[in-house]
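Everything below belongs to target_8.cif, which stores mmCIF, C-alpha atoms.
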```cif
data_upload
loop_
_atom_site.group_PDB
_atom_site.id
_atom_site.type_symbol
_atom_site.label_atom_id
_atom_site.label_comp_id
_atom_site.auth_asym_id
_atom_site.auth_seq_id
_atom_site.Cartn_x
_atom_site.Cartn_y
_atom_site.Cartn_z
ATOM 1 C CA MET U 1 99.642 88.839 79.480
ATOM 2 C CA LEU U 2 100.822 85.289 80.146
ATOM 3 C CA THR U 3 104.499 84.417 79.771
ATOM 4 C CA VAL U 4 105.635 80.865 80.456
ATOM 5 C CA PHE U 5 109.133 79.622 81.267
ATOM 6 C CA LEU U 6 110.310 76.054 81.580
ATOM 7 C CA PHE U 7 113.300 75.417 83.806
ATOM 8 C CA ASP U 8 115.339 72.272 84.283
ATOM 9 C CA GLU U 9 118.688 71.473 85.859
ATOM 10 C CA ARG U 10 120.595 72.626 82.784
ATOM 11 C CA GLU U 11 118.782 75.495 81.087
ATOM 12 C CA SER U 12 115.667 77.625 80.870
ATOM 13 C CA GLU U 13 113.459 78.396 77.894
ATOM 14 C CA GLN U 14 110.315 80.321 77.106
ATOM 15 C CA VAL U 15 107.509 78.104 75.844
ATOM 16 C CA GLU U 16 104.411 78.901 73.821
ATOM 17 C CA ASP U 17 102.332 75.766 74.321
ATOM 18 C CA TRP U 18 102.217 75.783 78.097
ATOM 19 C CA ARG U 19 99.455 73.181 78.253
ATOM 20 C CA ALA U 20 101.642 70.612 76.529
ATOM 21 C CA ALA U 21 104.582 71.570 78.735
ATOM 22 C CA LEU U 22 102.400 71.155 81.826
ATOM 23 C CA LYS U 23 101.338 67.654 80.815
ATOM 24 C CA SER U 24 104.897 66.519 80.072
ATOM 25 C CA LEU U 25 106.604 67.973 83.163
ATOM 26 C CA ALA U 26 109.429 65.810 84.467
ATOM 27 C CA GLY U 27 110.516 65.572 88.078
ATOM 28 C CA ASP U 28 113.576 67.762 87.465
ATOM 29 C CA GLN U 29 111.602 70.504 85.668
ATOM 30 C CA LEU U 30 109.672 73.527 86.871
ATOM 31 C CA LEU U 31 107.050 75.448 84.897
ATOM 32 C CA TRP U 32 106.657 79.135 85.721
ATOM 33 C CA LEU U 33 103.521 80.834 84.422
ATOM 34 C CA ALA U 34 103.961 84.583 84.846
ATOM 35 C CA LEU U 35 100.760 86.629 84.590
ATOM 36 C CA ARG U 36 101.120 90.367 84.172
ATOM 37 C CA ASP U 37 97.885 92.363 84.322
ATOM 38 C CA PRO U 38 95.820 89.137 84.362
ATOM 39 C CA THR U 39 92.490 89.047 82.597
ATOM 40 C CA GLU U 40 89.470 86.939 83.489
ATOM 41 C CA ASP U 41 89.940 84.795 80.368
ATOM 42 C CA GLU U 42 93.563 84.041 81.214
ATOM 43 C CA VAL U 43 92.677 83.180 84.787
ATOM 44 C CA ALA U 44 89.794 80.980 83.652
ATOM 45 C CA SER U 45 92.140 79.124 81.327
ATOM 46 C CA LEU U 46 94.644 78.541 84.114
ATOM 47 C CA GLN U 47 91.893 77.575 86.533
ATOM 48 C CA GLU U 48 90.737 74.802 84.229
ATOM 49 C CA ALA U 49 94.217 73.498 83.433
ATOM 50 C CA LEU U 50 95.569 73.668 86.988
ATOM 51 C CA GLU U 51 92.335 72.630 88.712
ATOM 52 C CA LEU U 52 92.084 75.729 90.880
ATOM 53 C CA GLY U 53 89.025 76.442 92.979
ATOM 54 C CA ASP U 54 86.901 79.500 92.310
ATOM 55 C CA GLU U 55 88.142 81.294 95.402
ATOM 56 C CA ASN U 56 91.752 80.469 94.624
ATOM 57 C CA ALA U 57 91.389 81.603 91.023
ATOM 58 C CA GLN U 58 89.845 84.869 92.186
ATOM 59 C CA ARG U 59 92.968 85.555 94.231
ATOM 60 C CA LEU U 60 94.915 85.814 90.968
ATOM 61 C CA LEU U 61 92.662 88.704 89.945
ATOM 62 C CA GLU U 62 92.180 90.322 93.358
ATOM 63 C CA PRO U 63 94.953 89.473 95.833
ATOM 64 C CA PRO U 64 94.359 89.904 99.582
ATOM 65 C CA SER U 65 95.214 93.246 101.129
ATOM 66 C CA ARG U 66 98.212 91.841 103.035
ATOM 67 C CA ALA U 67 100.802 89.107 102.744
ATOM 68 C CA SER U 68 99.166 85.789 103.529
ATOM 69 C CA LEU U 69 99.152 82.035 102.956
ATOM 70 C CA ALA U 70 96.224 79.841 101.897
ATOM 71 C CA ASP U 71 96.704 76.066 101.912
ATOM 72 C CA ALA U 72 94.338 74.122 99.660
ATOM 73 C CA GLY U 73 95.914 70.691 99.915
ATOM 74 C CA GLU U 74 97.699 69.976 96.632
ATOM 75 C CA ARG U 75 97.437 73.655 95.803
ATOM 76 C CA MET U 76 98.835 76.541 97.799
ATOM 77 C CA HIS U 77 98.476 80.299 97.456
ATOM 78 C CA VAL U 78 101.033 82.757 98.777
ATOM 79 C CA THR U 79 100.508 86.504 98.607
ATOM 80 C CA LEU U 80 103.601 88.695 98.744
ATOM 81 C CA TYR U 81 103.862 92.476 98.698
ATOM 82 C CA ALA U 82 106.854 93.995 96.946
ATOM 83 C CA ALA U 83 107.903 97.504 97.948
ATOM 84 C CA GLY U 84 109.586 100.389 96.226
ATOM 85 C CA ILE U 85 109.981 104.159 96.365
ATOM 86 C CA GLU U 86 108.749 106.309 93.497
ATOM 87 C CA GLU U 87 108.971 110.104 93.658
ATOM 88 C CA GLY U 88 109.616 109.887 97.375
ATOM 89 C CA GLU U 89 106.484 107.845 98.110
ATOM 90 C CA PRO U 90 106.210 104.126 98.960
ATOM 91 C CA VAL U 91 104.712 101.891 96.293
ATOM 92 C CA LEU U 92 103.388 98.436 97.196
ATOM 93 C CA ALA U 93 102.748 95.812 94.526
ATOM 94 C CA PRO U 94 100.996 92.518 95.377
ATOM 95 C CA ILE U 95 102.420 89.319 93.900
ATOM 96 C CA GLU U 96 100.019 86.400 94.027
ATOM 97 C CA CYS U 97 101.649 82.972 93.800
ATOM 98 C CA ALA U 98 99.722 79.759 93.110
ATOM 99 C CA LEU U 99 101.782 76.631 93.700
ATOM 100 C CA GLY U 100 101.422 73.055 92.607
ATOM 101 C CA GLN U 101 103.662 70.075 91.987
ATOM 102 C CA ASN U 102 106.509 71.362 89.784
ATOM 103 C CA TRP U 103 104.640 74.489 88.668
ATOM 104 C CA ILE U 104 104.078 77.993 89.945
ATOM 105 C CA VAL U 105 101.847 80.830 88.790
ATOM 106 C CA THR U 106 102.669 84.435 89.641
ATOM 107 C CA ALA U 107 100.175 87.214 89.017
ATOM 108 C CA HIS U 108 100.790 90.928 89.383
ATOM 109 C CA HIS U 109 99.694 94.251 87.941
ATOM 110 C CA GLY U 110 102.091 96.602 86.203
ATOM 111 C CA LYS U 111 105.838 96.275 86.386
ATOM 112 C CA VAL U 112 107.211 94.876 89.633
ATOM 113 C CA GLU U 113 110.919 95.626 89.722
ATOM 114 C CA VAL U 114 112.003 92.853 92.094
ATOM 115 C CA LEU U 115 110.087 90.221 90.114
ATOM 116 C CA GLU U 116 111.672 91.407 86.872
ATOM 117 C CA GLU U 117 115.097 91.188 88.501
ATOM 118 C CA PHE U 118 114.383 87.671 89.724
ATOM 119 C CA ARG U 119 113.210 86.597 86.280
ATOM 120 C CA GLU U 120 116.329 87.993 84.604
ATOM 121 C CA ARG U 121 118.458 86.168 87.132
ATOM 122 C CA ALA U 122 116.557 82.912 86.668
ATOM 123 C CA GLU U 123 116.757 83.127 82.878
ATOM 124 C CA GLY U 124 120.505 83.516 83.110
ATOM 125 C CA GLY U 125 120.954 79.855 83.908
ATOM 126 C CA GLY U 126 121.476 77.844 87.041
ATOM 127 C CA GLN U 127 119.448 74.949 88.370
ATOM 128 C CA VAL U 128 116.063 76.561 88.939
ATOM 129 C CA GLY U 129 114.390 73.416 87.673
ATOM 130 C CA ALA U 130 115.908 71.475 90.536
ATOM 131 C CA LEU U 131 113.914 73.608 92.985
ATOM 132 C CA ASP U 132 110.429 72.752 94.125
ATOM 133 C CA ALA U 133 107.674 75.377 93.890
ATOM 134 C CA PRO U 134 107.879 76.508 97.562
ATOM 135 C CA SER U 135 111.632 76.988 97.165
ATOM 136 C CA VAL U 136 110.996 79.275 94.190
ATOM 137 C CA VAL U 137 108.585 81.303 96.333
ATOM 138 C CA ALA U 138 111.331 81.519 98.964
ATOM 139 C CA ALA U 139 113.711 82.830 96.295
ATOM 140 C CA ILE U 140 111.142 85.407 95.140
ATOM 141 C CA LEU U 141 110.523 86.446 98.740
ATOM 142 C CA GLU U 142 114.272 86.923 99.176
ATOM 143 C CA TRP U 143 114.189 89.484 96.361
ATOM 144 C CA VAL U 144 111.075 91.078 97.856
ATOM 145 C CA VAL U 145 112.830 91.538 101.191
ATOM 146 C CA ALA U 146 115.814 93.027 99.370
ATOM 147 C CA GLY U 147 113.384 95.534 97.838
ATOM 148 C CA TYR U 148 112.307 96.615 101.325
ATOM 149 C CA PHE U 149 115.941 97.142 102.272
ATOM 150 C CA ARG U 150 116.359 99.393 99.234
ATOM 151 C CA ALA U 151 113.205 101.306 100.172
ATOM 152 C CA PHE U 152 114.439 101.915 103.720
ATOM 153 C CA GLU U 153 117.831 102.975 102.364
ATOM 154 C CA ALA U 154 116.096 105.498 100.100
ATOM 155 C CA VAL U 155 114.276 106.937 103.116
ATOM 156 C CA GLU U 156 117.527 107.086 105.089
ATOM 157 C CA SER U 157 119.229 108.842 102.192
ATOM 158 C CA GLU U 158 116.532 111.515 102.062
ATOM 159 C CA LEU U 159 116.743 111.977 105.826
ATOM 160 C CA GLU U 160 120.500 112.478 105.541
ATOM 161 C CA GLU U 161 119.990 115.126 102.857
ATOM 162 C CA LEU U 162 117.423 116.875 105.027
ATOM 163 C CA ASP U 163 119.797 116.791 108.026
ATOM 164 C CA ALA U 164 122.610 118.197 105.899
ATOM 165 C CA ARG U 165 120.426 121.091 104.733
ATOM 166 C CA VAL U 166 119.315 121.850 108.282
ATOM 167 C CA MET U 167 122.850 121.723 109.678
ATOM 168 C CA ALA U 168 124.209 123.880 106.862
ATOM 169 C CA ASP U 169 121.646 126.631 107.273
ATOM 170 C CA THR U 170 118.566 127.115 109.420
ATOM 171 C CA PRO U 171 115.531 127.170 107.106
ATOM 172 C CA LYS U 172 113.524 130.372 107.358
ATOM 173 C CA ASP U 173 110.272 128.476 106.850
ATOM 174 C CA VAL U 174 110.274 125.056 108.500
ATOM 175 C CA THR U 175 106.733 124.159 107.414
ATOM 176 C CA ASP U 176 107.897 122.290 104.322
ATOM 177 C CA GLU U 177 110.639 120.462 106.219
ATOM 178 C CA LEU U 178 108.250 119.366 108.951
ATOM 179 C CA ALA U 179 105.663 118.270 106.393
ATOM 180 C CA ARG U 180 108.266 116.142 104.605
ATOM 181 C CA LEU U 181 109.335 114.568 107.897
ATOM 182 C CA VAL U 182 105.720 113.605 108.550
ATOM 183 C CA GLU U 183 105.471 112.082 105.065
ATOM 184 C CA LEU U 184 108.667 110.083 105.574
ATOM 185 C CA ARG U 185 107.426 108.857 108.937
ATOM 186 C CA ARG U 186 104.196 107.683 107.318
ATOM 187 C CA SER U 187 106.149 106.035 104.495
ATOM 188 C CA ILE U 188 108.192 104.046 106.987
ATOM 189 C CA GLY U 189 105.019 102.973 108.784
ATOM 190 C CA THR U 190 103.408 101.912 105.496
ATOM 191 C CA LEU U 191 106.451 99.856 104.507
ATOM 192 C CA ARG U 192 106.706 98.228 107.913
ATOM 193 C CA ARG U 193 103.017 97.292 108.015
ATOM 194 C CA ALA U 194 103.342 95.714 104.564
ATOM 195 C CA LEU U 195 106.509 93.840 105.531
ATOM 196 C CA ALA U 196 105.479 92.457 108.927
ATOM 197 C CA PRO U 197 102.820 89.941 107.697
ATOM 198 C CA HIS U 198 105.465 88.183 105.583
ATOM 199 C CA ARG U 199 106.843 86.788 108.822
ATOM 200 C CA GLU U 200 103.646 84.745 109.269
ATOM 201 C CA VAL U 201 104.123 83.281 105.778
ATOM 202 C CA VAL U 202 107.756 82.462 106.471
ATOM 203 C CA VAL U 203 107.007 80.796 109.807
ATOM 204 C CA ALA U 204 104.196 78.710 108.308
ATOM 205 C CA LEU U 205 106.338 77.459 105.409
ATOM 206 C CA ALA U 206 109.346 76.735 107.612
ATOM 207 C CA TYR U 207 107.599 73.530 108.777
ATOM 208 C CA PRO U 208 107.179 71.053 105.890
ATOM 209 C CA GLU U 209 104.971 68.795 107.992
ATOM 210 C CA LEU U 210 102.135 71.318 107.889
ATOM 211 C CA ASP U 211 101.395 71.228 104.142
ATOM 212 C CA ALA U 212 101.597 68.856 101.222
ATOM 213 C CA LEU U 213 103.984 70.839 98.999
ATOM 214 C CA SER U 214 106.788 71.990 101.284
ATOM 215 C CA THR U 215 110.010 69.983 101.491
ATOM 216 C CA GLU U 216 112.993 69.948 103.800
ATOM 217 C CA ARG U 217 114.894 72.064 101.274
ATOM 218 C CA SER U 218 112.195 74.723 101.039
ATOM 219 C CA ALA U 219 111.758 74.715 104.828
ATOM 220 C CA GLU U 220 115.453 75.486 105.287
ATOM 221 C CA LYS U 221 115.195 78.383 102.849
ATOM 222 C CA PHE U 222 112.229 79.871 104.703
ATOM 223 C CA ALA U 223 113.985 79.363 108.042
ATOM 224 C CA ASP U 224 116.939 81.351 106.712
ATOM 225 C CA LEU U 225 114.543 84.020 105.453
ATOM 226 C CA GLU U 226 113.220 84.618 108.949
ATOM 227 C CA SER U 227 116.485 86.246 110.002
ATOM 228 C CA ARG U 228 116.456 88.426 106.870
ATOM 229 C CA LEU U 229 112.927 89.547 107.690
ATOM 230 C CA THR U 230 114.009 90.380 111.217
ATOM 231 C CA GLN U 231 116.853 92.477 109.835
ATOM 232 C CA ALA U 232 114.441 94.293 107.505
ATOM 233 C CA LEU U 233 112.077 95.033 110.402
ATOM 234 C CA ASP U 234 115.061 96.292 112.408
ATOM 235 C CA ALA U 235 115.907 98.566 109.465
ATOM 236 C CA ALA U 236 112.350 99.906 109.628
ATOM 237 C CA ARG U 237 112.734 100.653 113.324
ATOM 238 C CA GLU U 238 116.078 102.376 112.736
ATOM 239 C CA SER U 239 114.559 104.501 109.976
ATOM 240 C CA LYS U 240 111.740 105.454 112.320
ATOM 241 C CA GLU U 241 114.250 106.497 114.983
ATOM 242 C CA SER U 242 116.143 108.490 112.351
ATOM 243 C CA THR U 243 113.035 110.576 111.684
ATOM 244 C CA PHE U 244 112.899 111.426 115.390
ATOM 245 C CA GLY U 245 116.566 112.407 115.264
ATOM 246 C CA SER U 246 115.933 114.614 112.239
ATOM 247 C CA PHE U 247 113.002 116.212 114.037
ATOM 248 C CA ASP U 248 115.134 116.909 117.126
ATOM 249 C CA LEU U 249 117.838 118.441 114.916
ATOM 250 C CA LEU U 250 115.292 120.651 113.169
ATOM 251 C CA VAL U 251 113.822 121.758 116.489
ATOM 252 C CA ALA U 252 117.327 122.510 117.810
ATOM 253 C CA ARG U 253 118.095 124.647 114.754
ATOM 254 C CA ILE U 254 114.783 126.463 115.148
ATOM 255 C CA GLY U 255 115.670 127.122 118.799
ATOM 256 C CA GLN U 256 119.078 128.428 117.770
ATOM 257 C CA ARG U 257 117.491 130.734 115.209
ATOM 258 C CA THR U 258 115.073 131.984 117.859
ATOM 259 C CA ASN U 259 117.993 132.646 120.206
ATOM 260 C CA ASP U 260 119.790 134.580 117.471
ATOM 261 C CA ILE U 261 116.704 136.718 116.920
ATOM 262 C CA MET U 262 116.298 137.347 120.646
ATOM 263 C CA LYS U 263 119.977 138.251 120.893
ATOM 264 C CA VAL U 264 119.605 140.873 118.169
ATOM 265 C CA LEU U 265 116.459 142.275 119.748
ATOM 266 C CA THR U 266 118.138 142.424 123.160
ATOM 267 C CA LEU U 267 121.174 144.174 121.722
ATOM 268 C CA VAL U 268 118.966 146.722 119.950
ATOM 269 C CA THR U 269 117.157 147.334 123.241
ATOM 270 C CA VAL U 270 120.427 147.832 125.120
ATOM 271 C CA VAL U 271 121.669 150.242 122.456
ATOM 272 C CA LEU U 272 118.496 152.326 122.395
ATOM 273 C CA LEU U 273 117.585 152.280 126.084
ATOM 274 C CA PRO U 274 120.223 154.856 127.279
ATOM 275 C CA SER U 275 119.313 157.137 124.404
ATOM 276 C CA THR U 276 115.654 156.797 125.301
ATOM 277 C CA VAL U 277 116.413 157.712 128.911
ATOM 278 C CA LEU U 278 118.444 160.763 127.865
ATOM 279 C CA ALA U 279 115.764 161.855 125.426
ATOM 280 C CA GLY U 280 113.161 161.486 128.151
ATOM 281 C CA ILE U 281 115.150 163.561 130.632
ATOM 282 C CA MET U 282 115.943 166.274 128.127
ATOM 283 C CA GLY U 283 112.329 166.385 127.054
ATOM 284 C CA MET U 284 110.988 167.066 130.547
ATOM 285 C CA ASN U 285 108.870 170.226 130.617
ATOM 286 C CA PHE U 286 110.861 172.231 133.217
ATOM 287 C CA GLN U 287 112.126 175.789 132.943
ATOM 288 C CA VAL U 288 115.849 175.135 133.340
ATOM 289 C CA GLY U 289 118.336 177.511 131.861
ATOM 290 C CA LEU U 290 120.513 174.644 130.686
ATOM 291 C CA PHE U 291 117.915 173.771 128.082
ATOM 292 C CA ASP U 292 118.332 177.169 126.440
ATOM 293 C CA ALA U 293 121.922 176.377 125.408
ATOM 294 C CA VAL U 294 122.194 174.994 121.868
ATOM 295 C CA TRP U 295 125.437 173.135 122.573
ATOM 296 C CA VAL U 296 123.635 170.882 125.078
ATOM 297 C CA PHE U 297 121.606 169.396 122.242
ATOM 298 C CA TRP U 298 124.760 168.398 120.392
ATOM 299 C CA LEU U 299 126.290 167.077 123.597
ATOM 300 C CA VAL U 300 123.287 164.813 124.190
ATOM 301 C CA LEU U 301 123.491 163.507 120.623
ATOM 302 C CA ALA U 302 127.187 162.789 121.072
ATOM 303 C CA ALA U 303 126.485 160.982 124.332
ATOM 304 C CA MET U 304 123.837 158.848 122.664
ATOM 305 C CA LEU U 305 126.213 157.899 119.842
ATOM 306 C CA GLY U 306 129.034 157.253 122.283
ATOM 307 C CA ILE U 307 126.934 154.916 124.435
ATOM 308 C CA ALA U 308 125.697 153.038 121.359
ATOM 309 C CA THR U 309 129.254 152.661 120.083
ATOM 310 C CA LEU U 310 130.435 151.443 123.479
ATOM 311 C CA VAL U 311 127.664 148.823 123.725
ATOM 312 C CA LEU U 312 128.356 147.544 120.210
ATOM 313 C CA SER U 313 132.109 147.377 120.897
ATOM 314 C CA VAL U 314 131.580 145.366 124.070
ATOM 315 C CA ALA U 315 129.148 143.015 122.271
ATOM 316 C CA ARG U 316 131.669 142.547 119.480
ATOM 317 C CA SER U 317 134.538 141.838 121.849
ATOM 318 C CA ARG U 318 132.419 139.240 123.666
ATOM 319 C CA ARG U 319 131.431 137.710 120.314
ATOM 320 C CA TRP U 320 127.747 138.289 120.931
ATOM 321 C CA ILE U 321 127.478 139.564 117.370
#
```
In structure tokens, what does this structure look like?
Amino acid sequence: MLTVFLFDERESEQVEDWRAALKSLAGDQLLWLALRDPTEDEVASLQEALELGDENAQRLLEPPSRASLADAGERMHVTLYAAGIEEGEPVLAPIECALGQNWIVTAHHGKVEVLEEFRERAEGGGQVGALDAPSVVAAILEWVVAGYFRAFEAVESELEELDARVMADTPKDVTDELARLVELRRSIGTLRRALAPHREVVVALAYPELDALSTERSAEKFADLESRLTQALDAARESKESTFGSFDLLVARIGQRTNDIMKVLTLVTVVLLPSTVLAGIMGMNFQVGLFDAVWVFWLVLAAMLGIATLVLSVARSRRWI
């Protein structure tokens, strides 16, 4: 589905005849052609009108597997990867951007939240038309980076919930908790690997001398974006370290639970050992007259109970139980 917006310094509007709008573009206007779930016919139509090469047009249908930049002189292609978290799993959505003089094409599959947010913001007014195409890509990339921050915050939030559960009560079966930690660690790695290549795009577009479309204004925007990308990568590293902290906490709680079990077993052993010794002595097969007295049996039982009570009292007073 192709949706076209025309921006100028005063307002924005959705246009139907995008070919006519493309031919009559003024210097203070920007035409945004937004392709959602692009078809071959739509791409072929844009390829003819925008004079895109076959390889460049194919990128609108099948974006590269990572963020990248392809400079084709008067045409430029930028591939971005937006990130999100759905049902606890990372979701990556490629956004292919084709740039020309005063126009930009974005192609993506399905609903990309950050792109929808950017479009709503752009439609609200402002001077989007005063921006050149690379500057619009910089603005979109700013929203993409913000999406990575939200994704890392979602991971951190889940880690905090897991830590709270572990600190509140030691789980009897840690298999599920460990499995979730592994999944979160992989999610962080997936997000970081998708985010890191954007730095190459930012560095390349921060130098307007290296391509025909970039300007001093767009270069400044990409230079500012480099620090934001660094912060996002730092957030990825902090999230990774948080998983190690959660793992250490879980291991510590497992160790504490093991100690509690060993403490109970040791106490049971201490309680039963004297009784076992007495029972062993009294059960020795010797002809001793003492064994013929019935009251000795009750005395031994009383001694066993007394020793057990004494051991439990001492353990209680020492707060072992």
- Message: I'd like the neighbourhood of segment 64-70 of chain U as an MDAnalysis selection string, where a residue qualifies if any of its atoms comes within 6 Å (using all atoms listed in the file), though same-chain residues fewer than 6 positions away should be ignored.
- Response: chainID U and resid 76:80 197:198 201
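The closest residue to Arg59 of chain U, picked from U:Lys221, U:Arg237, U:His108, U:Arg193 and counting all atoms listed in the file, is U:His108.
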Here's the selection I'm unsure about, the PyMOL selection byres ((chain U and resi 40) around 12); applied to the file above, which residues does it give, as a PDB file with C-alpha atoms, in the coordinates of the input?
```
ATOM      1  CA  MET U   1      99.642  88.839  79.480  1.00  0.00           C
ATOM      2  CA  LEU U   2     100.822  85.289  80.146  1.00  0.00           C
ATOM      3  CA  LEU U  35     100.760  86.629  84.590  1.00  0.00           C
ATOM      4  CA  ASP U  37      97.885  92.363  84.322  1.00  0.00           C
ATOM      5  CA  PRO U  38      95.820  89.137  84.362  1.00  0.00           C
ATOM      6  CA  THR U  39      92.490  89.047  82.597  1.00  0.00           C
ATOM      7  CA  ASP U  41      89.940  84.795  80.368  1.00  0.00           C
ATOM      8  CA  GLU U  42      93.563  84.041  81.214  1.00  0.00           C
ATOM      9  CA  VAL U  43      92.677  83.180  84.787  1.00  0.00           C
ATOM     10  CA  ALA U  44      89.794  80.980  83.652  1.00  0.00           C
ATOM     11  CA  SER U  45      92.140  79.124  81.327  1.00  0.00           C
ATOM     12  CA  LEU U  46      94.644  78.541  84.114  1.00  0.00           C
ATOM     13  CA  GLN U  47      91.893  77.575  86.533  1.00  0.00           C
ATOM     14  CA  ASP U  54      86.901  79.500  92.310  1.00  0.00           C
ATOM     15  CA  ALA U  57      91.389  81.603  91.023  1.00  0.00           C
ATOM     16  CA  GLN U  58      89.845  84.869  92.186  1.00  0.00           C
ATOM     17  CA  ARG U  59      92.968  85.555  94.231  1.00  0.00           C
ATOM     18  CA  LEU U  60      94.915  85.814  90.968  1.00  0.00           C
ATOM     19  CA  LEU U  61      92.662  88.704  89.945  1.00  0.00           C
ATOM     20  CA  GLU U  62      92.180  90.322  93.358  1.00  0.00           C
TER      21      GLU U  62
END
```
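The smallest atom-to-atom distance between Thr276 of chain U and any of U:Ala49, U:Met304, U:Asp260, U:Val15, using all atoms listed in the file, is found for U:Met304.
Atom pair atom CA of Leu205 of chain U / atom CA of Glu238 of chain U: separated by 27.7 Å.
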- Item | Spatial neighbours of segment 89-105 of chain U, max dist 8 Å, all atoms listed in the file, sep filter under 5 positions, as a PyMOL selection string | chain U and resi 22+25+27+29-35+59-60+63+74-84+112+132-134+137+151+187+190-191+194+213
- Task: Find the residues around Val202 of chain U up to 10 Å (all atoms listed in the file counted), leave out those fewer than 5 positions away in its own chain, and share them as a ChimeraX atom specification.
- Result: /U:68-69,138,141,197,207,219,221-226,229
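In this comparison, which uses all atoms listed in the file, the residue of U:Leu178, U:Val277, U:Leu52, U:Leu299 approaching Asp163 of chain U most closely is U:Leu178.
You can rank U:Ala235, U:Leu115, U:Ala204, U:Ile254 by their closest distance to Asp169 of chain U using only C-alpha atoms, and at the top of that list sits U:Ile254.
Closest approach to Phe244 of chain U among U:Ala302, U:Val271, U:Val144, U:Leu159: U:Leu159, based on all atoms listed in the file.
Across the structure, atom CA of Glu86 of chain U and atom CA of Val155 of chain U are spaced 11.1 Å apart.
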- Show which residues sit within 8 Å of Phe152 of chain U, as number ranges by chain. Count only C-alpha atoms, and ignore same-chain residues fewer than 2 positions away. U: 148-150, 154-156, 188, 235-236, 239
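If you measure from each of U:Arg199, U:Lys263, U:Arg228, U:Lys240 to Val182 of chain U using only C-alpha atoms, the closest one turns out to be U:Lys240.
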Can you fill out segment 98-114 of chain U with N, CA and C atoms and hand it back as a tab-separated table (two decimals), in the frame of the given file?
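The resulting file, out_14.tsv, is reproduced below:
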```
chain	number	residue	atom	x	y	z
U	98	ALA	N	100.45	81.02	93.00
U	98	ALA	CA	99.72	79.76	93.11
U	98	ALA	C	100.71	78.63	92.85
U	99	LEU	N	100.77	77.68	93.77
U	99	LEU	CA	101.78	76.63	93.70
U	99	LEU	C	101.14	75.26	93.53
U	100	GLY	N	101.80	74.44	92.75
U	100	GLY	CA	101.42	73.06	92.61
U	100	GLY	C	102.68	72.21	92.50
U	101	GLN	N	102.52	70.97	92.13
U	101	GLN	CA	103.66	70.08	91.99
U	101	GLN	C	104.43	70.43	90.72
U	102	ASN	N	105.61	71.01	90.89
U	102	ASN	CA	106.51	71.36	89.78
U	102	ASN	C	105.99	72.51	88.91
U	103	TRP	N	105.06	73.29	89.41
U	103	TRP	CA	104.64	74.49	88.67
U	103	TRP	C	104.29	75.60	89.65
U	104	ILE	N	104.41	76.82	89.14
U	104	ILE	CA	104.08	77.99	89.94
U	104	ILE	C	103.50	79.06	89.03
U	105	VAL	N	102.46	79.71	89.50
U	105	VAL	CA	101.85	80.83	88.79
U	105	VAL	C	102.07	82.09	89.62
U	106	THR	N	102.56	83.14	88.98
U	106	THR	CA	102.67	84.44	89.64
U	106	THR	C	101.80	85.43	88.88
U	107	ALA	N	101.06	86.21	89.63
U	107	ALA	CA	100.18	87.21	89.02
U	107	ALA	C	100.43	88.56	89.68
U	108	HIS	N	100.57	89.58	88.86
U	108	HIS	CA	100.79	90.93	89.38
U	108	HIS	C	100.32	91.94	88.35
U	109	HIS	N	100.14	93.16	88.81
U	109	HIS	CA	99.69	94.25	87.94
U	109	HIS	C	100.84	95.24	87.74
U	110	GLY	N	101.02	95.66	86.50
U	110	GLY	CA	102.09	96.60	86.20
U	110	GLY	C	103.45	95.94	86.29
U	111	LYS	N	104.47	96.77	86.31
U	111	LYS	CA	105.84	96.28	86.39
U	111	LYS	C	106.29	96.23	87.84
U	112	VAL	N	106.69	95.05	88.28
U	112	VAL	CA	107.21	94.88	89.63
U	112	VAL	C	108.72	94.66	89.50
U	113	GLU	N	109.48	95.62	89.96
U	113	GLU	CA	110.92	95.63	89.72
U	113	GLU	C	111.60	94.38	90.26
U	114	VAL	N	111.29	93.99	91.50
U	114	VAL	CA	112.00	92.85	92.09
U	114	VAL	C	111.68	91.56	91.36
```
